[in-house]
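A.B. asks: Got a structure for you, model.cif, holding mmCIF, C-alpha atoms.
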```
data_final
#
loop_
_atom_site.label_atom_id
_atom_site.label_comp_id
_atom_site.auth_asym_id
_atom_site.auth_seq_id
_atom_site.Cartn_x
_atom_site.Cartn_y
_atom_site.Cartn_z
CA MET Y 1 -7.62 47.36 -22.34
CA SER Y 2 -5.15 44.63 -23.22
CA GLY Y 3 -6.43 41.08 -23.19
CA ALA Y 4 -10.02 42.28 -23.10
CA PRO Y 5 -12.62 39.91 -24.57
CA THR Y 6 -15.39 41.23 -26.76
CA ARG Y 7 -18.09 40.15 -24.31
CA VAL Y 8 -18.14 39.22 -20.61
CA PHE Y 9 -21.17 37.57 -18.99
CA ILE Y 10 -21.33 39.17 -15.57
CA ALA Y 11 -22.85 36.36 -13.48
CA ARG Y 12 -19.79 34.27 -14.33
CA LEU Y 13 -17.56 36.82 -12.63
CA ALA Y 14 -19.03 36.06 -9.18
CA GLY Y 15 -16.26 34.76 -6.93
CA VAL Y 16 -13.52 35.11 -9.58
CA ALA Y 17 -10.10 35.95 -8.10
CA VAL Y 18 -8.67 39.44 -8.64
CA PHE Y 19 -4.90 39.76 -9.17
CA ASP Y 20 -2.47 42.66 -9.32
CA PRO Y 21 0.19 42.89 -12.06
CA ALA Y 22 2.68 40.91 -9.91
CA GLY Y 23 0.30 37.96 -9.80
CA ASP Y 24 -0.70 38.40 -6.14
CA GLN Y 25 -4.37 37.83 -5.35
CA VAL Y 26 -5.96 40.84 -3.66
CA GLY Y 27 -9.55 39.62 -3.43
CA ARG Y 28 -12.56 38.21 -5.27
CA VAL Y 29 -15.30 39.73 -7.39
CA ARG Y 30 -18.57 40.06 -5.50
CA ASP Y 31 -20.59 42.17 -7.95
CA VAL Y 32 -20.46 44.63 -10.82
CA VAL Y 33 -21.67 48.24 -10.52
CA ALA Y 34 -23.60 49.78 -13.42
CA ALA Y 35 -25.52 52.99 -14.05
CA LEU Y 36 -28.88 52.70 -15.80
CA ARG Y 37 -29.49 55.37 -18.43
CA LEU Y 38 -32.53 56.62 -20.29
CA ALA Y 39 -33.90 53.99 -22.69
CA PRO Y 40 -32.84 52.65 -25.05
CA ARG Y 41 -29.25 53.56 -24.11
CA PRO Y 42 -27.51 50.56 -22.50
CA PRO Y 43 -26.21 50.85 -18.92
CA ARG Y 44 -22.67 51.95 -18.41
CA VAL Y 45 -20.48 49.64 -16.31
CA LEU Y 46 -18.66 51.65 -13.64
CA GLY Y 47 -16.56 49.02 -11.93
CA LEU Y 48 -16.33 45.88 -9.81
CA VAL Y 49 -17.14 45.31 -6.16
CA VAL Y 50 -14.16 43.37 -4.84
CA GLU Y 51 -13.97 41.69 -1.45
CA VAL Y 52 -10.51 42.08 0.06
CA ALA Y 53 -9.11 41.25 3.51
CA SER Y 54 -11.41 41.17 6.53
CA ARG Y 55 -14.46 40.85 4.27
CA ARG Y 56 -14.18 44.53 3.30
CA THR Y 57 -15.67 45.35 -0.09
CA VAL Y 58 -14.01 48.04 -2.20
CA PHE Y 59 -14.70 49.61 -5.57
CA LEU Y 60 -12.40 48.83 -8.50
CA PRO Y 61 -13.04 51.18 -11.45
CA ILE Y 62 -13.56 49.31 -14.70
CA THR Y 63 -10.90 51.56 -16.27
CA ARG Y 64 -8.26 49.88 -14.07
CA VAL Y 65 -9.07 46.34 -15.17
CA THR Y 66 -6.59 45.15 -17.77
CA VAL Y 67 -7.60 41.52 -18.34
CA PHE Y 68 -10.77 39.44 -17.95
CA GLU Y 69 -10.17 35.69 -17.97
CA ALA Y 70 -12.38 32.72 -17.15
CA ASP Y 71 -10.86 32.32 -13.69
CA ALA Y 72 -9.12 35.64 -13.08
CA VAL Y 73 -9.46 39.41 -13.29
CA ILE Y 74 -6.22 41.38 -13.50
CA PHE Y 75 -6.00 45.11 -12.77
CA ASP Y 76 -3.25 47.71 -12.93
CA GLY Y 77 -2.40 47.52 -9.22
CA ARG Y 78 -4.05 50.78 -8.12
CA LEU Y 79 -6.77 50.09 -5.57
CA ASN Y 80 -8.44 52.47 -3.15
CA VAL Y 81 -9.26 50.48 0.00
CA ARG Y 82 -12.02 52.85 1.10
CA ARG Y 83 -15.10 50.73 1.70
CA PHE Y 84 -17.55 50.53 -1.20
CA GLN Y 85 -20.88 52.24 -0.71
CA LYS Y 86 -23.50 51.99 -3.42
CA ARG Y 87 -24.91 55.29 -4.58
CA GLU Y 88 -28.58 55.92 -5.28
CA SER Y 89 -28.01 56.13 -9.03
CA GLU Y 90 -26.12 52.82 -9.19
CA THR Y 91 -27.28 49.24 -9.64
CA LEU Y 92 -25.58 46.04 -8.49
CA VAL Y 93 -25.82 43.83 -11.55
CA ILE Y 94 -25.66 40.42 -9.88
CA GLY Y 95 -27.57 41.41 -6.78
CA GLN Y 96 -30.35 43.40 -8.45
CA MET Y 97 -30.61 42.57 -12.16
CA LEU Y 98 -30.55 38.77 -12.16
CA ASP Y 99 -33.96 37.09 -11.89
CA ARG Y 100 -35.85 40.23 -12.88
CA THR Y 101 -38.93 39.92 -15.08
CA VAL Y 102 -38.59 42.02 -18.24
CA ARG Y 103 -40.61 42.20 -21.45
CA PHE Y 104 -39.79 42.07 -25.14
CA ARG Y 105 -40.49 45.51 -26.57
CA ASP Y 106 -42.07 44.16 -29.77
CA THR Y 107 -44.32 41.44 -28.35
CA GLY Y 108 -44.76 42.28 -24.66
CA GLU Y 109 -43.78 38.70 -23.73
CA SER Y 110 -42.44 38.39 -20.17
CA VAL Y 111 -39.10 36.66 -19.67
CA SER Y 112 -36.74 36.14 -16.72
CA VAL Y 113 -33.19 37.52 -16.72
CA VAL Y 114 -30.55 34.84 -16.12
CA ASP Y 115 -27.46 36.90 -17.00
CA VAL Y 116 -26.31 40.09 -18.68
CA ALA Y 117 -23.19 40.70 -20.75
CA MET Y 118 -20.97 43.75 -20.93
CA GLU Y 119 -19.03 44.74 -24.00
CA PRO Y 120 -16.16 47.21 -24.50
CA THR Y 121 -16.46 50.27 -26.70
CA ARG Y 122 -13.82 52.05 -28.75
CA THR Y 123 -13.60 54.72 -26.03
CA ARG Y 124 -12.63 52.10 -23.37
CA ASP Y 125 -16.07 52.26 -21.77
CA TRP Y 126 -17.95 49.05 -21.00
CA LEU Y 127 -21.68 48.89 -21.70
CA ILE Y 128 -24.24 46.21 -20.92
CA GLY Y 129 -25.26 45.34 -24.45
CA LYS Y 130 -26.74 41.85 -24.15
CA VAL Y 131 -29.29 40.18 -21.89
CA ALA Y 132 -29.61 36.42 -21.41
CA VAL Y 133 -33.26 35.56 -20.73
CA ARG Y 134 -35.38 32.48 -20.19
CA ARG Y 135 -38.90 32.18 -21.54
CA ARG Y 136 -41.59 31.43 -18.97
CA THR Y 137 -44.25 29.97 -21.24
CA GLY Y 138 -44.34 28.28 -24.61
CA ARG Y 139 -45.06 30.61 -27.53
CA GLY Y 140 -45.56 29.25 -31.03
CA LEU Y 141 -42.94 26.65 -31.84
CA ARG Y 142 -40.61 27.78 -29.06
CA LYS Y 143 -40.24 25.59 -26.01
CA ARG Y 144 -41.09 26.56 -22.50
CA GLY Y 145 -37.95 27.49 -20.56
CA GLU Y 146 -35.99 28.27 -23.73
CA SER Y 147 -32.95 30.51 -23.11
CA LEU Y 148 -31.71 33.10 -25.55
CA VAL Y 149 -29.44 36.15 -25.69
CA VAL Y 150 -30.95 39.40 -26.95
CA ASN Y 151 -29.87 43.01 -27.31
CA TRP Y 152 -30.37 45.35 -24.37
CA ASP Y 153 -32.78 47.52 -26.33
CA ASP Y 154 -34.92 44.48 -27.23
CA VAL Y 155 -36.29 44.33 -23.66
CA GLU Y 156 -37.74 46.77 -21.15
CA GLY Y 157 -38.54 46.72 -17.44
CA PHE Y 158 -35.17 47.06 -15.70
CA SER Y 159 -36.05 50.47 -14.29
CA ALA Y 160 -39.39 49.46 -12.79
CA VAL Y 161 -39.74 48.43 -9.17
CA GLU Y 162 -40.51 44.73 -9.25
CA HIS Y 163 -42.41 42.94 -6.51
CA GLY Y 164 -41.76 39.25 -6.03
CA GLN Y 165 -38.45 39.19 -7.94
CA GLY Y 166 -36.91 35.71 -7.73
CA ALA Y 167 -33.38 34.96 -6.60
CA ALA Y 168 -32.40 31.69 -8.29
CA GLY Y 169 -29.81 33.34 -10.53
CA LEU Y 170 -28.16 35.27 -7.71
CA ILE Y 171 -28.03 32.17 -5.49
CA ALA Y 172 -26.56 30.10 -8.31
CA ALA Y 173 -23.87 32.74 -8.87
CA PHE Y 174 -22.73 32.42 -5.27
CA GLU Y 175 -23.50 28.77 -4.55
CA ARG Y 176 -19.90 27.96 -3.57
CA MET Y 177 -19.59 30.90 -1.23
CA LYS Y 178 -19.18 30.42 2.53
CA PRO Y 179 -22.13 31.54 4.69
CA ALA Y 180 -20.16 34.43 6.23
CA ASP Y 181 -19.31 35.80 2.78
CA LEU Y 182 -22.86 35.46 1.47
CA ALA Y 183 -24.09 37.13 4.68
CA ASN Y 184 -21.86 40.08 3.83
CA ILE Y 185 -23.45 40.33 0.37
CA MET Y 186 -26.99 40.05 1.75
CA HIS Y 187 -26.22 42.81 4.24
CA GLU Y 188 -25.31 45.08 1.31
CA LEU Y 189 -28.50 44.38 -0.67
CA PRO Y 190 -31.55 46.65 -0.49
CA GLU Y 191 -34.14 45.46 2.04
CA LYS Y 192 -36.56 44.31 -0.67
CA ARG Y 193 -33.90 42.28 -2.50
CA ARG Y 194 -32.58 40.83 0.76
CA ALA Y 195 -36.02 39.49 1.58
CA GLU Y 196 -36.38 37.93 -1.90
CA VAL Y 197 -33.05 36.14 -1.56
CA ALA Y 198 -33.98 34.88 1.91
CA VAL Y 199 -37.26 33.46 0.61
CA ALA Y 200 -35.44 31.64 -2.22
CA LEU Y 201 -32.74 30.04 -0.04
CA ASP Y 202 -33.36 26.61 1.46
CA ASP Y 203 -33.79 26.39 5.23
CA GLU Y 204 -30.31 25.07 6.04
CA ARG Y 205 -28.47 27.59 3.88
CA LEU Y 206 -30.53 30.49 5.22
CA ALA Y 207 -29.97 29.29 8.79
CA ASP Y 208 -26.19 29.29 8.26
CA ILE Y 209 -26.33 32.80 6.81
CA LEU Y 210 -28.57 34.18 9.57
CA GLU Y 211 -26.01 33.05 12.14
CA GLU Y 212 -23.46 35.36 10.47
CA LEU Y 213 -25.69 38.44 10.12
CA PRO Y 214 -26.08 41.36 12.53
CA GLU Y 215 -29.02 41.21 14.90
CA ASP Y 216 -31.09 43.83 13.06
CA ASP Y 217 -30.74 41.94 9.76
CA GLN Y 218 -31.70 38.67 11.43
CA ILE Y 219 -34.88 40.10 12.90
CA GLU Y 220 -35.81 41.86 9.65
CA ILE Y 221 -35.37 38.70 7.54
CA LEU Y 222 -37.17 36.47 10.02
CA GLY Y 223 -40.11 38.87 9.99
CA LYS Y 224 -40.38 38.67 6.19
CA LEU Y 225 -40.55 34.87 6.06
CA GLY Y 226 -43.90 34.20 7.64
CA VAL Y 227 -44.18 32.34 10.94
CA ASP Y 228 -44.24 28.79 9.57
CA ARG Y 229 -41.14 29.26 7.43
CA ALA Y 230 -39.43 31.19 10.22
CA ALA Y 231 -39.99 28.27 12.60
CA ASP Y 232 -38.47 25.88 10.04
CA VAL Y 233 -35.38 28.05 9.69
CA LEU Y 234 -34.99 28.32 13.47
CA GLU Y 235 -35.05 24.51 13.64
CA ALA Y 236 -32.18 24.40 11.13
CA MET Y 237 -30.08 26.82 13.21
CA GLY Y 238 -27.87 25.72 16.06
CA PRO Y 239 -29.85 25.77 19.32
CA ASP Y 240 -27.62 28.48 20.80
CA ASP Y 241 -27.93 30.73 17.75
CA ALA Y 242 -31.68 30.18 17.61
CA ALA Y 243 -31.94 31.07 21.30
CA ASP Y 244 -29.91 34.25 20.79
CA LEU Y 245 -32.20 35.33 17.95
CA LEU Y 246 -35.41 34.46 19.75
CA GLY Y 247 -34.17 36.23 22.85
CA ASP Y 248 -34.20 39.51 20.89
CA LEU Y 249 -37.86 39.13 19.87
CA PRO Y 250 -40.95 40.25 21.79
CA THR Y 251 -42.24 37.60 24.18
CA GLU Y 252 -45.43 36.92 22.22
CA GLN Y 253 -43.62 36.47 18.91
CA ARG Y 254 -40.96 34.29 20.54
CA GLU Y 255 -43.54 31.98 22.08
CA GLN Y 256 -45.46 31.72 18.81
CA LEU Y 257 -42.35 30.58 16.95
CA LEU Y 258 -41.35 28.13 19.68
CA THR Y 259 -44.83 26.61 19.57
CA LEU Y 260 -44.57 26.12 15.80
CA MET Y 261 -41.19 24.41 16.05
CA GLU Y 262 -40.98 20.65 16.43
CA PRO Y 263 -41.08 19.85 20.19
CA HIS Y 264 -37.70 18.08 20.14
CA GLU Y 265 -36.15 21.07 18.37
CA ALA Y 266 -37.79 23.67 20.61
CA ALA Y 267 -36.94 21.94 23.91
CA PRO Y 268 -33.17 22.71 23.93
CA VAL Y 269 -33.85 26.27 22.78
CA ARG Y 270 -36.30 26.79 25.64
CA ARG Y 271 -33.67 25.49 28.08
CA LEU Y 272 -31.09 27.92 26.78
CA LEU Y 273 -33.51 30.82 27.10
CA THR Y 274 -33.73 30.21 30.85
CA TYR Y 275 -30.07 31.20 31.36
CA PRO Y 276 -28.70 34.76 31.43
CA ASP Y 277 -27.05 35.83 28.17
CA GLN Y 278 -23.66 36.44 29.78
CA SER Y 279 -23.44 33.04 31.52
CA ALA Y 280 -22.03 29.67 30.48
CA GLY Y 281 -25.59 28.38 30.19
CA GLY Y 282 -26.56 31.24 27.91
CA LEU Y 283 -23.43 30.81 25.78
CA MET Y 284 -23.49 27.04 25.34
CA THR Y 285 -24.79 24.86 22.55
CA THR Y 286 -26.83 21.83 23.56
CA ALA Y 287 -25.53 19.77 20.63
CA PRO Y 288 -21.86 18.91 21.26
CA VAL Y 289 -20.30 15.64 20.10
CA VAL Y 290 -21.17 13.00 22.71
CA VAL Y 291 -20.28 9.29 22.74
CA ALA Y 292 -20.84 6.41 25.14
CA PRO Y 293 -17.88 4.82 26.99
CA ASP Y 294 -17.93 1.75 24.72
CA ALA Y 295 -17.54 3.82 21.53
CA THR Y 296 -14.32 3.30 19.61
CA VAL Y 297 -11.80 5.88 18.47
CA ALA Y 298 -12.90 5.17 14.89
CA GLU Y 299 -16.53 5.95 15.75
CA ALA Y 300 -15.57 9.18 17.53
CA LEU Y 301 -13.43 10.32 14.61
CA ALA Y 302 -16.28 9.64 12.21
CA LEU Y 303 -18.50 11.99 14.24
CA ILE Y 304 -16.06 14.90 14.25
CA ARG Y 305 -15.39 14.53 10.51
CA ARG Y 306 -18.89 15.77 9.69
CA PRO Y 307 -18.43 18.71 7.30
CA ASP Y 308 -21.29 20.69 8.87
CA LEU Y 309 -19.75 20.55 12.35
CA ASN Y 310 -18.38 23.73 13.90
CA PRO Y 311 -14.56 23.34 14.00
CA ALA Y 312 -14.49 24.30 17.68
CA LEU Y 313 -17.04 21.59 18.52
CA ALA Y 314 -15.01 19.10 16.49
CA ALA Y 315 -11.95 19.70 18.68
CA GLN Y 316 -13.14 17.22 21.30
CA VAL Y 317 -15.77 14.64 22.12
CA TYR Y 318 -17.49 14.24 25.45
CA VAL Y 319 -17.99 10.82 27.02
CA CYS Y 320 -21.24 10.20 28.91
CA ARG Y 321 -23.04 7.17 30.26
CA PRO Y 322 -26.19 6.45 28.23
CA PRO Y 323 -28.43 8.14 27.40
CA THR Y 324 -25.92 10.39 25.65
CA ALA Y 325 -28.37 13.16 24.63
CA THR Y 326 -28.04 16.34 26.67
CA PRO Y 327 -29.02 16.99 29.43
CA THR Y 328 -29.57 13.41 30.58
CA GLY Y 329 -26.16 11.74 30.24
CA ARG Y 330 -23.78 11.53 33.20
CA PHE Y 331 -20.54 13.18 32.20
CA LEU Y 332 -17.36 11.07 32.44
CA GLY Y 333 -14.80 13.24 30.73
CA THR Y 334 -13.33 14.66 27.52
CA VAL Y 335 -11.28 13.18 24.70
CA HIS Y 336 -9.41 15.71 22.57
CA PHE Y 337 -9.21 15.12 18.83
CA GLN Y 338 -5.39 15.02 18.95
CA LYS Y 339 -5.62 12.13 21.39
CA LEU Y 340 -8.02 10.36 19.04
CA LEU Y 341 -5.54 10.76 16.17
CA ARG Y 342 -2.77 9.10 18.19
CA GLU Y 343 -4.70 6.00 19.22
CA PRO Y 344 -5.51 2.84 17.20
CA PRO Y 345 -9.04 2.93 15.70
CA PRO Y 346 -10.38 -0.05 17.77
CA THR Y 347 -9.44 1.62 21.09
CA LEU Y 348 -12.37 2.36 23.40
CA VAL Y 349 -12.75 6.03 24.34
CA SER Y 350 -13.30 5.01 27.97
CA GLY Y 351 -9.64 4.03 28.10
CA ILE Y 352 -8.31 7.42 26.95
CA VAL Y 353 -10.81 9.84 28.48
CA ASP Y 354 -9.49 12.85 30.39
CA ALA Y 355 -11.49 12.79 33.61
CA GLU Y 356 -9.31 15.30 35.46
CA LEU Y 357 -10.11 18.38 33.40
CA ASP Y 358 -12.38 20.84 35.18
CA THR Y 359 -15.82 21.59 33.79
CA LEU Y 360 -17.95 24.70 33.52
CA ARG Y 361 -21.07 25.36 35.54
CA PRO Y 362 -24.07 26.93 33.76
CA THR Y 363 -24.09 29.91 36.15
CA MET Y 364 -20.46 30.88 35.52
CA SER Y 365 -19.96 34.37 34.11
CA LEU Y 366 -18.65 35.17 30.66
CA GLU Y 367 -15.35 36.34 32.13
CA ALA Y 368 -14.97 33.11 34.14
CA VAL Y 369 -15.63 31.04 31.00
CA ALA Y 370 -13.04 33.03 29.05
CA MET Y 371 -10.44 32.55 31.80
CA PHE Y 372 -11.21 28.81 31.93
CA LEU Y 373 -10.61 28.37 28.20
CA ALA Y 374 -7.46 30.48 28.34
CA THR Y 375 -6.09 28.64 31.39
CA TYR Y 376 -6.38 25.21 29.78
CA ASN Y 377 -5.67 26.35 26.17
CA LEU Y 378 -9.07 25.08 25.01
CA VAL Y 379 -11.38 26.06 22.18
CA ALA Y 380 -14.42 24.54 23.94
CA GLY Y 381 -15.44 23.37 27.39
CA ALA Y 382 -18.10 21.06 28.80
CA VAL Y 383 -20.96 22.58 30.81
CA VAL Y 384 -22.10 20.21 33.59
CA ASP Y 385 -24.81 20.65 36.23
CA GLU Y 386 -24.49 19.96 39.96
CA ASN Y 387 -25.64 16.35 39.45
CA GLY Y 388 -22.93 15.61 36.90
CA HIS Y 389 -25.12 15.71 33.78
CA LEU Y 390 -23.68 17.16 30.59
CA LEU Y 391 -25.76 20.20 29.59
CA GLY Y 392 -23.79 21.35 26.58
CA SER Y 393 -20.55 22.96 25.48
CA VAL Y 394 -19.27 26.52 25.22
CA THR Y 395 -17.05 27.22 22.22
CA ILE Y 396 -14.48 29.98 21.81
CA ASP Y 397 -16.37 31.60 18.92
CA ASP Y 398 -19.40 32.20 21.15
CA VAL Y 399 -17.19 33.60 23.90
CA LEU Y 400 -15.55 36.03 21.46
CA ASP Y 401 -18.96 36.95 20.05
CA HIS Y 402 -20.06 38.11 23.49
CA LEU Y 403 -16.75 39.69 24.52
CA LEU Y 404 -16.69 41.90 21.43
CA PRO Y 405 -18.95 44.96 21.25
CA GLU Y 406 -22.58 44.15 20.50
CA ASP Y 407 -22.37 45.74 17.07
CA TRP Y 408 -19.11 44.07 16.01
CA ARG Y 409 -20.72 42.37 13.01
CA GLU Y 410 -22.03 45.70 11.75
CA THR Y 411 -18.57 47.16 12.35
CA VAL Y 412 -17.01 44.48 10.14
CA MET Y 413 -19.64 44.87 7.43
CA ASP Y 414 -19.96 48.65 7.67
CA ALA Y 415 -16.32 49.45 8.39
CA SER Y 416 -15.69 53.18 8.55
CA ALA Y 417 -14.36 54.90 5.50
CA ASP Y 418 -12.05 56.92 7.74
CA GLU Y 419 -9.35 54.27 7.30
CA ALA Y 420 -8.85 55.56 3.77
CA ALA Y 421 -10.80 58.77 3.47
CA ASP Y 422 -8.86 60.18 0.53
CA ARG Y 423 -11.04 60.55 -2.53
CA ASP Y 424 -9.95 58.77 -5.67
CA PRO Y 425 -10.26 61.32 -8.50
CA GLU Y 426 -10.59 58.64 -11.18
CA GLU Y 427 -13.30 56.86 -9.24
CA GLU Y 428 -15.17 60.09 -8.52
CA ALA Y 429 -15.05 61.07 -12.20
CA LEU Y 430 -16.29 57.66 -13.29
CA ARG Y 431 -19.08 57.34 -10.75
CA GLY Y 432 -20.05 60.98 -10.83
CA ASP Y 433 -20.66 61.03 -14.61
CA THR Y 434 -23.10 58.26 -15.40
CA GLN Y 435 -25.03 59.86 -18.21
#
```
Could I get this file's structure written as structure tokens?
C.D. replies:
Amino acid sequence: MSGAPTRVFIARLAGVAVFDPAGDQVGRVRDVVAALRLAPRPPRVLGLVVEVASRRTVFLPITRVTVFEADAVIFDGRLNVRRFQKRESETLVIGQMLDRTVRFRDTGESVSVVDVAMEPTRTRDWLIGKVAVRRRTGRGLRKRGESLVVNWDDVEGFSAVEHGQGAAGLIAAFERMKPADLANIMHELPEKRRAEVAVALDDERLADILEELPEDDQIEILGKLGVDRAADVLEAMGPDDAADLLGDLPTEQREQLLTLMEPHEAAPVRRLLTYPDQSAGGLMTTAPVVVAPDATVAEALALIRRPDLNPALAAQVYVCRPPTATPTGRFLGTVHFQKLLREPPPTLVSGIVDAELDTLRPTMSLEAVAMFLATYNLVAGAVVDENGHLLGSVTIDDVLDHLLPEDWRETVMDASADEAADRDPEEEALRGDTQ
């Protein structure tokens, strides 16, 4: 393997770009696949899990990697796009090895795994020969929390089923990843590991990820959190997403979680649950960008610049007479972000509001909402009741979510292998011989 280093720490590969020989990026590293062997033989590295277009993950045999660099992995250009599926005998290094508790063979001292390193052999194999660990307690003159790198055969415990495995290392490896991408990785993890990662994530990050997961994964994870933590995570979700998730739960469980949520967080969710799923009221979010008539263009632009704001919601602001919180404000009209960009910052939004644009009614069907957005070339529309109060906003992403088949997220994450069903002989030989 030309350009191969003598040692590669695997956690550092997370998110690294993968290039073909022409210099074109084909994806990013999401994990490394290894096969554990009978102790004390070190695991054999089989290949990389690479995320390519449409969030599909594929297997790249380690024998096809030609160069490992700090910010790039280069391979020989041969890539089977059949979706990666982990086999029973395989281990995902980042997803399953990091944060494990192992023991020193000579002393029995427990340590936590923070990284592992693979090293090439003379036969072009790669083996996991080193383990980076962190001490949990002080021992002798050594400090608590001390990190050190040891040989693979100096520790034991990787083969045991561990209960309560942490997830700090895995989360750190993917801290810059977008929620949709991390959701894809969590979907691939074993149920036990998925629950451990969910517990370790903070409420806001977990809420963002839950919004991108299939319904079955959402319900499973929520059930593993405990009711108090689950209520906190629901509060961090968008009201519409929280309502969608709660709507799939049994009535008793739903009411218990709503009762545990802060009243001001639960109130909009309860309102959304009163509308049919396939209606404008059931689709809308109760937290659009709303300003009073005396707000300036500069103030409106500051609101839509928030990095946590859904891009579709940021496409326009709604002008209401105070109070501006839904559903109490009287709706006056819409100001599109392009209009805001063309006007001087001190301009009042009341002077540039579009009061002629039609609005949605909460009882309108999904099809009617879709036709409304298409007719006016919009990515979001205001939902207003019969008394002229702004109830919320329907965004194009929620419309598409409901127009697509119910299992579309699973389809994306579990895309059929029929698209490229041909077996790769080199891959089959590598993954079929792990001893």
A.B. asks: Determine the residue set returned by the PyMOL selection byres ((chain Y and resi 26-28) around 8) for the present structure, and present it as a PyMOL selection string.
C.D. replies: chain Y and resi 14-20+24-25+29-30+50-53
A.B. asks: Return as number ranges by chain the set of residues that the PyMOL selection byres ((chain Y and resi 100) around 9) yields on the displayed structure.
C.D. replies: Y: 96-99, 101-102, 111-114, 157-158, 162, 165-167
A.B. asks: Quick one: of Y:Leu400, Y:Ala280, Y:Glu406, Y:Asp294, who's nearest to Thr359 in chain Y, counting all atoms listed in the file?
C.D. replies: Y:Ala280
A.B. asks: To one decimal place in Å, what is the distance between CA of Pro250 in chain Y and CA of Glu211 in chain Y?
C.D. replies: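 So the answer is 19.2 Å.
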A.B. asks: If you apply the PyMOL selection byres ((chain Y and resi 260) around 12) to this file, what residues do you get, as a PyMOL selection string?
C.D. replies: chain Y and resi 226-235+253-259+261-267
A.B. asks: Could you save the residues just selected, with C-alpha atoms, as an mmCIF file, keeping the file's coordinate frame?
C.D. replies:
```
data_model
loop_
_atom_site.group_PDB
_atom_site.id
_atom_site.type_symbol
_atom_site.label_atom_id
_atom_site.label_comp_id
_atom_site.auth_asym_id
_atom_site.auth_seq_id
_atom_site.Cartn_x
_atom_site.Cartn_y
_atom_site.Cartn_z
ATOM 1 C CA GLY Y 226 -43.900 34.200 7.640
ATOM 2 C CA VAL Y 227 -44.180 32.340 10.940
ATOM 3 C CA ASP Y 228 -44.240 28.790 9.570
ATOM 4 C CA ARG Y 229 -41.140 29.260 7.430
ATOM 5 C CA ALA Y 230 -39.430 31.190 10.220
ATOM 6 C CA ALA Y 231 -39.990 28.270 12.600
ATOM 7 C CA ASP Y 232 -38.470 25.880 10.040
ATOM 8 C CA VAL Y 233 -35.380 28.050 9.690
ATOM 9 C CA LEU Y 234 -34.990 28.320 13.470
ATOM 10 C CA GLU Y 235 -35.050 24.510 13.640
ATOM 11 C CA GLN Y 253 -43.620 36.470 18.910
ATOM 12 C CA ARG Y 254 -40.960 34.290 20.540
ATOM 13 C CA GLU Y 255 -43.540 31.980 22.080
ATOM 14 C CA GLN Y 256 -45.460 31.720 18.810
ATOM 15 C CA LEU Y 257 -42.350 30.580 16.950
ATOM 16 C CA LEU Y 258 -41.350 28.130 19.680
ATOM 17 C CA THR Y 259 -44.830 26.610 19.570
ATOM 18 C CA MET Y 261 -41.190 24.410 16.050
ATOM 19 C CA GLU Y 262 -40.980 20.650 16.430
ATOM 20 C CA PRO Y 263 -41.080 19.850 20.190
ATOM 21 C CA HIS Y 264 -37.700 18.080 20.140
ATOM 22 C CA GLU Y 265 -36.150 21.070 18.370
ATOM 23 C CA ALA Y 266 -37.790 23.670 20.610
ATOM 24 C CA ALA Y 267 -36.940 21.940 23.910
#
```
A.B. asks: Find the residue from Y:Gly329, Y:Pro276, Y:Gly432, Y:Pro288 that sits nearest to Leu366 in chain Y; use all atoms listed in the file when measuring.
C.D. replies: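 Of Y:Gly329, Y:Pro276, Y:Gly432, Y:Pro288, the one nearest Leu366 in chain Y, counting all atoms listed in the file, is Y:Pro276.
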